[in-house]
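Undergrad: Have a look at the structure that comes next, please.
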Amino acid sequence: MMNQLAERMRGAALLMSPEYLIDKFLDWLEELRGALELAEIDGSARSEARAKMLFD
């Protein structure tokens, strides 16, 4: 995920004005944050399922 973000930023930096690049960077950070939250939720759900299997 981080590599994809870096590649997108590198390509965009060559084509965009500094102001637009900052806006896009903030958008990408928000996208990354959302992806990380989903991964955390998914990991929590797996941990919960494992715990339930162990104690049932």
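All residue names refer to the structure tokens as shown: chains lettered A, B, ... in order, residues numbered from 1 in each chain, ligands numbered from 1 in order.
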Residues at most 12 Å from stretch 24-28 of chain A, counting only C-alpha atoms, excluding those fewer than 4 positions away in the same chain, as a compact mmCIF listing (two decimals) with C-alpha atoms, in the first residue's frame?
TA:
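As a result, out22.txt now contains:
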```txt
# COMPACT_ATOMS: atom_id res chain seq x y z
CA MET A 1 0.00 0.00 0.00
CA MET A 2 2.75 2.45 0.91
CA GLN A 4 1.54 2.30 -4.37
CA LEU A 5 1.04 5.63 -2.62
CA ALA A 6 4.66 6.61 -3.26
CA GLU A 7 4.42 5.68 -6.96
CA ARG A 8 1.21 7.65 -7.40
CA MET A 9 2.73 10.68 -5.69
CA ARG A 10 5.91 10.50 -7.76
CA GLY A 11 3.98 10.42 -11.03
CA ALA A 12 1.60 13.14 -9.93
CA ALA A 13 4.39 15.43 -8.72
CA LEU A 15 2.29 16.82 -13.63
CA MET A 16 0.61 18.92 -10.94
CA SER A 17 0.92 22.37 -9.51
CA PRO A 18 2.19 22.46 -5.90
CA GLU A 19 -1.24 23.45 -4.56
CA TYR A 20 -3.03 20.64 -6.36
CA LEU A 32 -4.50 5.19 3.24
CA ARG A 33 -5.96 5.88 6.68
CA GLY A 34 -9.23 4.26 5.60
CA ALA A 35 -7.41 1.20 4.29
```
